[in-house]
Amino acid sequence: MAGLCVGAVVLVAAGRRNRKPPQLLVRSAALWTPKPVLHQSRQSLRVSRSLSSVGYDPNEKTFDKLLIANRGEIACRVIKTCKKMGIKTVAIHSDVDASSVHVKMADEAVCVGPAPTSKSYLNMDAIMEAIKKTRAQAVHPGYGFLSENKEFAKLLAAEGVTFIGPDTHAIQAMGDKIESKLLAKNAKVNTIPGFDGVVKDADEAVRIAREIGYPVMIKASAGGGGKGMRIAWDDEETRDGFRFSSQEAASSFGDDRLLIEKFIDNPRHIEIQVLGDKHGNALWLNERECSIQRRNQKVVEEAPSTFLDPETRRAMGEQAVALARAVKYSSAGTVEFLVDSQKNFYFLEMNTRLQVEHPVTECITGLDLVQEMIRVAKGYPLRHKQADIPINGWAIECRVYAEDPYKSFGLPSIGRLSQYEEPFYLPGVRVDSGIQPGSDISIYYDPMISKLISYGSNRTEALERMEAALDNYVIRGVTHNIALLREVINHKRFVEGDINTKFLSDVYPDGFKGHKLTKTEKQQLLAIASSLYVSFQLRAQRFEKNSRVPILKPKMANWDLSIKMGDEIHSVIASNNGSTFCVEVDGSKLNVTSEWNLASPLLSVNIDGTQRIVQCLSREAGGHMSIQFLGTVYKVHILTELAAKLNKFMLEKIAEDTSSVLRSPMPGVVVAVSVKPGDMVSEGQEICVIEAMKMQNSMGAGKTGKVKSVHCKAGDTVGEGDLLVELE
């Protein structure tokens, strides 16, 4: 089988549809019937190219209508395969998602409640009512939300509706980390030493942690996706970890039970994709390397892993299949392992659903996992044998988030996408997304913008294509993590395959600071910035291809400029000859050539034979300019030499003393406030807790002092930069 990278389907529509009220509403397919085209336009269905095709047998009947109990990119992903299989689709949505891409792609759409997930995407009563109204025969849960909820699966079974996933026994057995660990032991799967029971309270957590030996991992029994997980190195961290993990678990999964096990330091996180049917057949579809993580959530994944040899891969695959067979698993699922430096591997958990990172497996095996899930749910046997499963090429996935990577490797950002262009047109690139220009990234849902996947005949080619894709990705209106992703895939350790789950903290011990420019790169950036500045100035002199003021000379022979970047000031002399600028930067001469299409969000620039893609994100009349170069955004201040001399007389704004105030580093909801006016606090002491995208974050005091005033209370919604607490 040839490698498959299923193309993303993204809908781009002019304007916004009227939002519907939260009561149950059903939209007919006749209201939205776009014609598919292959280029961007204001109203089109945009389909990225597929690297190869999967066979869809029109004579193999499955379901007439399928409801997707999810939102965003995964809902779009399921709809795409359903369309190819001839299955009509029903989307569900909250009131704030009424204009979302997945709603427009589906044949029908039903509003199931207001924005909070507990009242919409986790509202089983409303979803069941939607199923009855639309007469959907099957439900695909995607990932997250109700995808591993056995009660939801039972409700569907009671109504004669097919759940696209394993049966309730497997969901219950594998969804409970305590039970799954016992089953894994019985199936002779390697497991991590730990406490095989439910931890009752913080005191018991401390006792168990001491018995196991620090460090330990505290995690939610019903958890997943990095939520409800904490690493503890001592008694105090165990108590804090128990509190935060139980709260996050209750919020995310409605189940606050916790377990504790030995934390394996510096491991790799490698998972095996399994696929089983209702006839006793089960396959392992090779591995995915998922070691690049922050806060126990994956950021970059790839398939295959650079670390595994054929023998270890086979051993992990066979143990994964043994576990699947032990619970009579019948769907796509993932068995996750921690792997140490000696290639010893230990069972971590099994996810009884489609994984976020499933596209990299599709790329190297040629299988459409959504199609396989639907076929298995209908009762068809698997079409392949273990010997049929190849590793063709290499695939890498970067999770593009609306996050600020300079804050704890990624604190959530909210906003509206004012401009958005995906690099799906590049060779070997796939984009799975569920957004469009004008989409809102809100505090209610996961901040993922898209999954960016590159595929190549080998890892080097896949990495090169990923770098190009990141450079050509246009995202405006929200802060994003492109800079971090680009740095990771270009880091020497990552390129050499020397990674583990502590990669980010090891490589960036003081936090992510962006790309560190070499001398040559800095000169290139300054040359590009000065060329852009002059290009904008020259454009401003023209009107209808004529000079605005004919009596002035249309061109200056040389532009003497002063550029401030960071704390450094550089002298630059720029002159142009057609599309080429000759720029002298601190005594070094560079030739910069481009089409200089200043209206385009992307600019392809050649600097003495080196090709770069840059984005001019903002430009102000005062000479301030923000340029995205090598993934990182750099701020420069460009002035003529005369303006720079006069600028020295301008007063500088005095920076705020941030040690006396606590501001919210992200948008979110205040969960708890631990102080009141008059209280004495010590540096680092917890002042309040903010929940953002279902992750709880403890906010500490910047110094020792007395609380002057408190500006928030539990339940308040706060924005980034909002004042929370003041100290005297």
# chains A, B, ... in the order shown; residues from 1 in each chain; ligands from 1

$ select_by_dssp --residues "region 530-608 of chain A" --states "alpha helix (DSSP H)" --output "ChimeraX atom specification"
/A:530-540

$ write_last_selection --atoms "all heavy atoms" --output "PDB file, in the first residue's frame"
ATOM      1  N   SER A 530      14.818  46.696   6.329  1.00  0.00           N
ATOM      2  CA  SER A 530      15.088  47.981   5.678  1.00  0.00           C
ATOM      3  C   SER A 530      14.524  48.009   4.264  1.00  0.00           C
ATOM      4  O   SER A 530      13.994  49.035   3.814  1.00  0.00           O
ATOM      5  CB  SER A 530      16.588  48.255   5.663  1.00  0.00           C
ATOM      6  OG  SER A 530      17.285  47.224   4.995  1.00  0.00           O
ATOM      7  N   SER A 531      14.589  46.881   3.547  1.00  0.00           N
ATOM      8  CA  SER A 531      14.024  46.811   2.194  1.00  0.00           C
ATOM      9  C   SER A 531      12.511  46.988   2.238  1.00  0.00           C
ATOM     10  O   SER A 531      11.925  47.674   1.382  1.00  0.00           O
ATOM     11  CB  SER A 531      14.386  45.476   1.539  1.00  0.00           C
ATOM     12  OG  SER A 531      15.784  45.314   1.452  1.00  0.00           O
ATOM     13  N   LEU A 532      11.880  46.358   3.224  1.00  0.00           N
ATOM     14  CA  LEU A 532      10.433  46.538   3.386  1.00  0.00           C
ATOM     15  C   LEU A 532      10.093  47.989   3.698  1.00  0.00           C
ATOM     16  O   LEU A 532       9.149  48.562   3.133  1.00  0.00           O
ATOM     17  CB  LEU A 532       9.918  45.635   4.512  1.00  0.00           C
ATOM     18  CG  LEU A 532       9.602  44.186   4.159  1.00  0.00           C
ATOM     19  CD1 LEU A 532       9.359  43.369   5.425  1.00  0.00           C
ATOM     20  CD2 LEU A 532       8.376  44.108   3.250  1.00  0.00           C
ATOM     21  N   TYR A 533      10.872  48.586   4.587  1.00  0.00           N
ATOM     22  CA  TYR A 533      10.619  49.987   4.967  1.00  0.00           C
ATOM     23  C   TYR A 533      10.700  50.899   3.746  1.00  0.00           C
ATOM     24  O   TYR A 533       9.794  51.719   3.496  1.00  0.00           O
ATOM     25  CB  TYR A 533      11.632  50.416   6.021  1.00  0.00           C
ATOM     26  CG  TYR A 533      11.540  51.880   6.402  1.00  0.00           C
ATOM     27  CD1 TYR A 533      10.625  52.316   7.357  1.00  0.00           C
ATOM     28  CD2 TYR A 533      12.372  52.824   5.801  1.00  0.00           C
ATOM     29  CE1 TYR A 533      10.537  53.659   7.696  1.00  0.00           C
ATOM     30  CE2 TYR A 533      12.292  54.161   6.135  1.00  0.00           C
ATOM     31  CZ  TYR A 533      11.377  54.582   7.087  1.00  0.00           C
ATOM     32  OH  TYR A 533      11.288  55.919   7.426  1.00  0.00           O
ATOM     33  N   VAL A 534      11.752  50.733   2.964  1.00  0.00           N
ATOM     34  CA  VAL A 534      11.908  51.568   1.770  1.00  0.00           C
ATOM     35  C   VAL A 534      10.799  51.279   0.763  1.00  0.00           C
ATOM     36  O   VAL A 534      10.254  52.200   0.128  1.00  0.00           O
ATOM     37  CB  VAL A 534      13.296  51.351   1.137  1.00  0.00           C
ATOM     38  CG1 VAL A 534      13.411  52.109  -0.187  1.00  0.00           C
ATOM     39  CG2 VAL A 534      14.390  51.803   2.099  1.00  0.00           C
ATOM     40  N   SER A 535      10.422  50.009   0.622  1.00  0.00           N
ATOM     41  CA  SER A 535       9.343  49.651  -0.311  1.00  0.00           C
ATOM     42  C   SER A 535       8.031  50.328   0.078  1.00  0.00           C
ATOM     43  O   SER A 535       7.298  50.834  -0.785  1.00  0.00           O
ATOM     44  CB  SER A 535       9.160  48.130  -0.340  1.00  0.00           C
ATOM     45  OG  SER A 535      10.299  47.494  -0.852  1.00  0.00           O
ATOM     46  N   PHE A 536       7.746  50.336   1.372  1.00  0.00           N
ATOM     47  CA  PHE A 536       6.531  51.015   1.832  1.00  0.00           C
ATOM     48  C   PHE A 536       6.619  52.519   1.580  1.00  0.00           C
ATOM     49  O   PHE A 536       5.635  53.158   1.194  1.00  0.00           O
ATOM     50  CB  PHE A 536       6.306  50.746   3.323  1.00  0.00           C
ATOM     51  CG  PHE A 536       5.688  49.417   3.634  1.00  0.00           C
ATOM     52  CD1 PHE A 536       6.364  48.476   4.401  1.00  0.00           C
ATOM     53  CD2 PHE A 536       4.416  49.094   3.158  1.00  0.00           C
ATOM     54  CE1 PHE A 536       5.796  47.242   4.688  1.00  0.00           C
ATOM     55  CE2 PHE A 536       3.840  47.862   3.441  1.00  0.00           C
ATOM     56  CZ  PHE A 536       4.537  46.932   4.204  1.00  0.00           C
ATOM     57  N   GLN A 537       7.792  53.093   1.794  1.00  0.00           N
ATOM     58  CA  GLN A 537       7.961  54.528   1.552  1.00  0.00           C
ATOM     59  C   GLN A 537       7.797  54.855   0.073  1.00  0.00           C
ATOM     60  O   GLN A 537       7.148  55.848  -0.290  1.00  0.00           O
ATOM     61  CB  GLN A 537       9.334  54.979   2.049  1.00  0.00           C
ATOM     62  CG  GLN A 537       9.544  54.854   3.546  1.00  0.00           C
ATOM     63  CD  GLN A 537       8.579  55.703   4.336  1.00  0.00           C
ATOM     64  OE1 GLN A 537       8.319  56.853   3.997  1.00  0.00           O
ATOM     65  NE2 GLN A 537       8.021  55.127   5.388  1.00  0.00           N
ATOM     66  N   LEU A 538       8.373  54.035  -0.783  1.00  0.00           N
ATOM     67  CA  LEU A 538       8.251  54.274  -2.224  1.00  0.00           C
ATOM     68  C   LEU A 538       6.809  54.108  -2.688  1.00  0.00           C
ATOM     69  O   LEU A 538       6.327  54.863  -3.546  1.00  0.00           O
ATOM     70  CB  LEU A 538       9.165  53.314  -2.989  1.00  0.00           C
ATOM     71  CG  LEU A 538      10.676  53.525  -2.809  1.00  0.00           C
ATOM     72  CD1 LEU A 538      11.462  52.442  -3.548  1.00  0.00           C
ATOM     73  CD2 LEU A 538      11.085  54.909  -3.308  1.00  0.00           C
ATOM     74  N   ARG A 539       6.114  53.118  -2.123  1.00  0.00           N
ATOM     75  CA  ARG A 539       4.706  52.936  -2.492  1.00  0.00           C
ATOM     76  C   ARG A 539       3.884  54.138  -2.075  1.00  0.00           C
ATOM     77  O   ARG A 539       2.959  54.559  -2.787  1.00  0.00           O
ATOM     78  CB  ARG A 539       4.145  51.671  -1.858  1.00  0.00           C
ATOM     79  CG  ARG A 539       2.728  51.344  -2.324  1.00  0.00           C
ATOM     80  CD  ARG A 539       2.179  50.091  -1.677  1.00  0.00           C
ATOM     81  NE  ARG A 539       1.886  50.278  -0.265  1.00  0.00           N
ATOM     82  CZ  ARG A 539       1.218  49.395   0.477  1.00  0.00           C
ATOM     83  NH1 ARG A 539       0.808  48.254  -0.074  1.00  0.00           N
ATOM     84  NH2 ARG A 539       0.992  49.623   1.747  1.00  0.00           N
ATOM     85  N   ALA A 540       4.222  54.722  -0.927  1.00  0.00           N
ATOM     86  CA  ALA A 540       3.473  55.876  -0.432  1.00  0.00           C
ATOM     87  C   ALA A 540       3.655  57.099  -1.322  1.00  0.00           C
ATOM     88  O   ALA A 540       2.831  58.016  -1.305  1.00  0.00           O
ATOM     89  CB  ALA A 540       3.915  56.206   0.994  1.00  0.00           C
TER      90      ALA A 540
END

$ closest_atom_pairs --of "region 263-351 of chain A" --to "region 233-250 of chain A" --cutoff "12 Å" --atoms "only C-alpha atoms" --output "Markdown table"
| residue | atom | partner | partner_atom | distance |
| --- | --- | --- | --- | --- |
| A:Phe263 | CA | A:Trp233 | CA | 9.4 |
| A:Ile264 | CA | A:Trp233 | CA | 11.9 |
| A:Asp265 | CA | A:Trp233 | CA | 11.1 |

$ write_last_selection --atoms "N, CA and C atoms" --output "PDB file, in the first residue's frame"
ATOM      1  N   PHE A 263       7.034   7.521  38.813  1.00  0.00           N
ATOM      2  CA  PHE A 263       7.317   8.355  37.642  1.00  0.00           C
ATOM      3  C   PHE A 263       8.671   7.951  37.068  1.00  0.00           C
ATOM      4  N   ILE A 264       8.670   7.548  35.812  1.00  0.00           N
ATOM      5  CA  ILE A 264       9.903   7.147  35.136  1.00  0.00           C
ATOM      6  C   ILE A 264      10.536   8.400  34.540  1.00  0.00           C
ATOM      7  N   ASP A 265      11.674   8.786  35.077  1.00  0.00           N
ATOM      8  CA  ASP A 265      12.324  10.025  34.664  1.00  0.00           C
ATOM      9  C   ASP A 265      12.952   9.876  33.277  1.00  0.00           C
TER      10      ASP A 265
END

$ closest_residue --among "A:Val189, A:Val101, A:Leu484, A:Val429" --to "Asn344 (chain A)" --atoms "only C-alpha atoms"
A:Val189

$ atom_distance --atom1 "CA of Leu259 (chain A)" --atom2 "CA of Ile218 (chain A)"
6.0 Å

$ closest_residue --among "A:Lys343, A:Lys88, A:Lys713, A:Arg268" --to "Val689 (chain A)" --atoms "only C-alpha atoms"
A:Lys713

$ closest_residue --among "A:Lys676, A:His93, A:His140, A:Arg135" --to "Ile79 (chain A)" --atoms "only C-alpha atoms"
A:His140

$ select_by_dssp --residues "region 365-402 of chain A" --states "strand (DSSP E)" --output "JSON, numbers by chain"
{"A": [394, 395, 396, 397, 398, 399, 400, 401]}

$ residues_around --residues "Gln524 (chain A)" --least-positions-apart "6" --cutoff "9 Å" --atoms "only C-alpha atoms" --output "ChimeraX atom specification"
/A:585,590,592,607

$ closest_residue --among "A:Phe347, A:Phe629, A:Phe503, A:Tyr445" --to "Ile482 (chain A)" --atoms "only C-alpha atoms"
A:Phe629

$ closest_residue --among "A:Glu362, A:Asp560, A:Asp608, A:Asp567" --to "Glu641 (chain A)" --atoms "only C-alpha atoms"
A:Asp560

$ residues_around --residues "Arg476 (chain A)" --least-positions-apart "5" --cutoff "10 Å" --atoms "only C-alpha atoms" --output "list in words"
Gly415, Arg416, Leu417, Ser418, Gln419, Tyr420, Glu421, Pro437, Pro601 and Leu617 of chain A

$ residues_around --residues "Asn281 (chain A)" --least-positions-apart "3" --cutoff "8 Å" --atoms "only C-alpha atoms" --output "list in words"
Gly276, Asp277, Lys278, Pro381 and Leu382 of chain A

$ write_last_selection --atoms "N, CA, C and O atoms" --output "short mmCIF file (atom, residue, chain, number, x, y, z; two decimals), in the first residue's frame"
data_model
loop_
_atom_site.label_atom_id
_atom_site.label_comp_id
_atom_site.auth_asym_id
_atom_site.auth_seq_id
_atom_site.Cartn_x
_atom_site.Cartn_y
_atom_site.Cartn_z
N GLY A 276 -9.04 -3.47 15.81
CA GLY A 276 -9.66 -4.77 15.98
C GLY A 276 -11.06 -4.79 15.39
O GLY A 276 -11.67 -3.74 15.18
N ASP A 277 -11.58 -6.00 15.12
CA ASP A 277 -12.95 -6.11 14.62
C ASP A 277 -13.76 -7.02 15.54
O ASP A 277 -13.27 -7.49 16.57
N LYS A 278 -15.01 -7.28 15.17
CA LYS A 278 -15.91 -8.08 15.99
C LYS A 278 -15.77 -9.58 15.71
O LYS A 278 -16.56 -10.39 16.20
N PRO A 381 -15.40 -7.53 8.75
CA PRO A 381 -14.08 -7.93 9.25
C PRO A 381 -13.00 -7.03 8.67
O PRO A 381 -13.20 -6.35 7.65
N LEU A 382 -11.86 -7.01 9.32
CA LEU A 382 -10.73 -6.23 8.81
C LEU A 382 -10.32 -6.76 7.43
O LEU A 382 -10.39 -7.95 7.16
#

$ residues_around --residues "region 644-655 of chain A" --least-positions-apart "2" --cutoff "12 Å" --atoms "only C-alpha atoms" --output "PyMOL selection string"
chain A and resi 560-564+569-571+622-623+637-642+657-659

$ write_last_selection --atoms "C-alpha atoms" --output "mmCIF file, in the first residue's frame"
data_model
loop_
_atom_site.group_PDB
_atom_site.id
_atom_site.type_symbol
_atom_site.label_atom_id
_atom_site.label_comp_id
_atom_site.auth_asym_id
_atom_site.auth_seq_id
_atom_site.Cartn_x
_atom_site.Cartn_y
_atom_site.Cartn_z
ATOM 1 C CA ASP A 560 20.353 56.199 5.578
ATOM 2 C CA LEU A 561 18.459 54.341 8.281
ATOM 3 C CA SER A 562 18.768 53.533 11.966
ATOM 4 C CA ILE A 563 17.198 50.250 13.076
ATOM 5 C CA LYS A 564 16.631 49.370 16.711
ATOM 6 C CA ILE A 569 20.910 49.941 17.225
ATOM 7 C CA HIS A 570 22.210 49.284 13.720
ATOM 8 C CA SER A 571 23.173 51.710 10.968
ATOM 9 C CA GLY A 622 6.256 55.803 13.516
ATOM 10 C CA GLY A 623 8.558 53.162 12.061
ATOM 11 C CA HIS A 637 11.992 50.287 15.000
ATOM 12 C CA ILE A 638 13.190 51.859 11.742
ATOM 13 C CA LEU A 639 13.891 55.572 11.447
ATOM 14 C CA THR A 640 15.831 57.785 9.106
ATOM 15 C CA GLU A 641 19.106 58.993 10.595
ATOM 16 C CA LEU A 642 17.615 62.440 11.207
ATOM 17 C CA ASP A 657 6.383 47.483 38.915
ATOM 18 C CA THR A 658 4.861 44.056 38.382
ATOM 19 C CA SER A 659 6.082 42.611 41.688
#
